[in-house]
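Have a look at the structure below, then the notes.
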Amino acid sequence: MLDAVSLLWLGAAAAGVGEAVRKAVVNRGSGYALSRHFLTAGIACMALSLAAGAPVTLDWIDRLTGLHNAAVVAQNVLAMLAMVFTAGFLHTLGQLRLPMPAVVTIFVVCAAAMVTLYTLAGAHTSFFASPRNPTWSSQLYSALYLGYLVGWLALLLLGLTVVARGEVAGVRGGVALAQLGVAVSLVGLSWRLGVALRLLVDPHHPPRGAHFGVFTDGVGLVLFVAGSLFAAATRRLFDWLDRRRTQRRDAAIERLWKRLRVLLAHRRPPPLSLTQKLVEIEDALLIVEQLIDERIHRAIRDELHTLALYVYVPPGTTTAVDIEIAIAAVVAHLSHPSAEHLSGEDGDDAESPAWWPETERLHVDDAARTRWLAEVGDALTHRRVQRMAARISSTHRKLREAGLPSR
């Protein structure tokens with residue numbers, strides 16, 4: 001029957017291994033930075049460390065090897081190896097000035113010292129590296145191991161703060177949850193380190209709260225994995241939303257381009273890139289500006305101002321109405337070459353510069369301009385825009401035919 005500590009540690013180990021596998025698959029498929037690979041390896045090593053250190057695993061390995069505490073050494077070395085990968089993670093973020101060869105050297109020296117202490121005094125001694133065994137070799141082993149982990153986890157806690165600064169709010173929440181997991185583990189390890197140091201000074205001092213540190217290790221890893229999963233899910237959601245926004249923007253640009261092509265005398269043969277479509281849109285908007293005079297603009301503004309008192313008017317609606325009126329004017333001019341266009345000037349030919357200007361206005365590298373063009377494309381889909389354009393165009397045409405001045 002599994003005890004509570006074994007259930008907690010094995011559950012945390014399973015969660016850690018699962019998260020490491022997920023990160024390994026995602027990292028390989030997306031070409032993430034080296035820091036993510038270090039973090040993945042660190043999570044895997046810490047998860048295996050918890051699996052090796054669960055009480056049920058300790059008993060099973062002791063019976064299998066005939067040695068006491070062999071799994072304790074394996075657990076501790078795996079946890080220390082996880083800190084090496086943690087150091088690599090911090091180094092790639094620029095948060096660790098210590099070179100990686102020095103990090104590896106410190107790990108090898110500490111691990112060798114611990115293995116030596118275990119070989120000399122722990123292989124055939126019960127409760128080695130536990131407060132139940134207050135001998136100097138047992139507590140020196142614990143102090144080396146716990147001091148090593150406390151130092152690196154404190155640096156990891158600070159490093160995650162730097163990671164959170166460059167992320168959006170949702171991802172920062174996941175990083176904060178991972179920091180909470182590190183902090184919980186750090187509190188438990190620090191408590192155990194204090195107990196070990198006190199026993200080194202006074203072997204007869206009764207240890208207190210030893211089981212507290214045992215539970216914090218498992219809880220800390222679970223919280224860290226939960227934070228990692230939350231950050232990954234949030235980042236994936238935001239990436240999906242960004243793709244959706246880009247798709248909607250491109251679709252709106254496509255609609256606007258198709259609608260405006262009728263105004264262009266010279267059109268590039270499709271297929272066109274997005275940049276080429278934006279260039280053609282800008283050329284067509286120059287024609288719209290020449291076909292719509294100030295009287296039309298004033299009438300559109302007045303009507304939209306009144307409309308905005310009752311309903312929401314989407315951005316780009318004014319330009320969308322301009323486009324519809326301009327297209328109607330061009331179609332009417334081409335159908336009846338003797339007709340006047342909206343500026344009221346007579347005798348314009350369909351091939352004249354007033355109708356087909358060859359100037360170019362390039363805003364294709366302006367993100368704000370592109371978003372505005374997408375808003376215009378969206379506004380063109382509203383039937384209210386088409387009705388307003390038809391109504392204003394008809395009103396001004398009737399006023400001109402009656403010889404009355406427009407408003």
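So you can find residues: chains in the structure tokens are A, B, ... in the order shown, residues in each start at 1, and ligands are numbered from 1 in order.
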> If we count only C-alpha atoms, what is near A:Leu93 at a cut-off of 12 Å, once residues fewer than 2 positions away on the same chain are taken out, given as a VMD selection string?
Replying inline: chain A and resid 33 to 36 38 to 39 86 to 91 95 to 97 155 to 156 158 to 164 166
>> Set the distance at 12 Å and use only C-alpha atoms: which residues neighbour A:Ser6 once local chain neighbours fewer than 4 positions away are removed? I'd like the list as number ranges by chain.
In response: A: 1-2, 10-14, 50-59, 214-215, 217-218
> Which neighbours of A:Ala169 fall inside 12 Å, counting only C-alpha atoms, when residues of the same chain fewer than 5 positions from it are skipped, and could you give them as a list of chain:residue names?
Replying inline: A:Ala164, A:Gly174, A:Val175, A:Ala176, A:Phe230, A:Ala231, A:Thr234, A:Arg235, A:Phe238
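We find atom CA of A:Val321 and atom CA of A:Leu380 to be spaced 7.7 Å apart.
Here atom CA of A:Gly377 and atom CA of A:Val262 stand 15.0 Å from one another.
The closest residue to A:Phe85, picked from A:Cys45, A:Met114, A:Val72, A:Ala374 and counting only C-alpha atoms, is A:Cys45.
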> Within 9 Å of stretch 123-137 of chain A, counting only C-alpha atoms, which residues qualify if same-chain residues fewer than 5 places away don't, as an MDAnalysis selection string?
Replying inline: chainID A and resid 67:70 72 117:118 142:143 192 195:196 199:208 210
Please, could you write that set of residues out with C-alpha atoms as a short mmCIF file (atom, residue, chain, number, x, y, z; two decimals), in the first residue's frame?
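Result written to result-v4.cif:
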data_model
loop_
_atom_site.label_atom_id
_atom_site.label_comp_id
_atom_site.auth_asym_id
_atom_site.auth_seq_id
_atom_site.Cartn_x
_atom_site.Cartn_y
_atom_site.Cartn_z
CA LEU A 67 22.51 -1.75 0.23
CA HIS A 68 21.01 0.91 2.41
CA ASN A 69 20.12 4.31 0.94
CA ALA A 70 21.34 3.57 -2.62
CA VAL A 72 18.85 8.29 -1.85
CA LEU A 117 30.64 10.10 2.21
CA TYR A 118 27.98 7.55 1.28
CA SER A 142 22.74 16.46 3.72
CA ALA A 143 24.27 19.92 4.12
CA ARG A 192 15.89 20.91 6.03
CA VAL A 195 18.06 21.21 10.56
CA ALA A 196 21.15 19.59 9.04
CA LEU A 199 22.65 18.71 13.87
CA LEU A 200 26.22 19.25 12.67
CA VAL A 201 26.74 21.65 15.55
CA ASP A 202 24.66 19.74 18.11
CA PRO A 203 23.99 16.06 17.19
CA HIS A 204 21.74 15.67 20.23
CA HIS A 205 19.37 18.48 19.20
CA PRO A 206 15.92 16.99 18.43
CA PRO A 207 14.98 17.71 14.79
CA ARG A 208 11.67 19.41 14.15
CA ALA A 210 11.56 17.21 8.98
#
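For the set A:Leu237, A:Val184, A:Tyr148, A:Leu256, the residue with the smallest atom-to-atom gap to A:Ala111 is A:Tyr148, counting only C-alpha atoms.
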>> What's the separation between atom CA of A:Ser228 and atom CA of A:Gly170, in Å to one decimal place?
In response: 11.8 Å
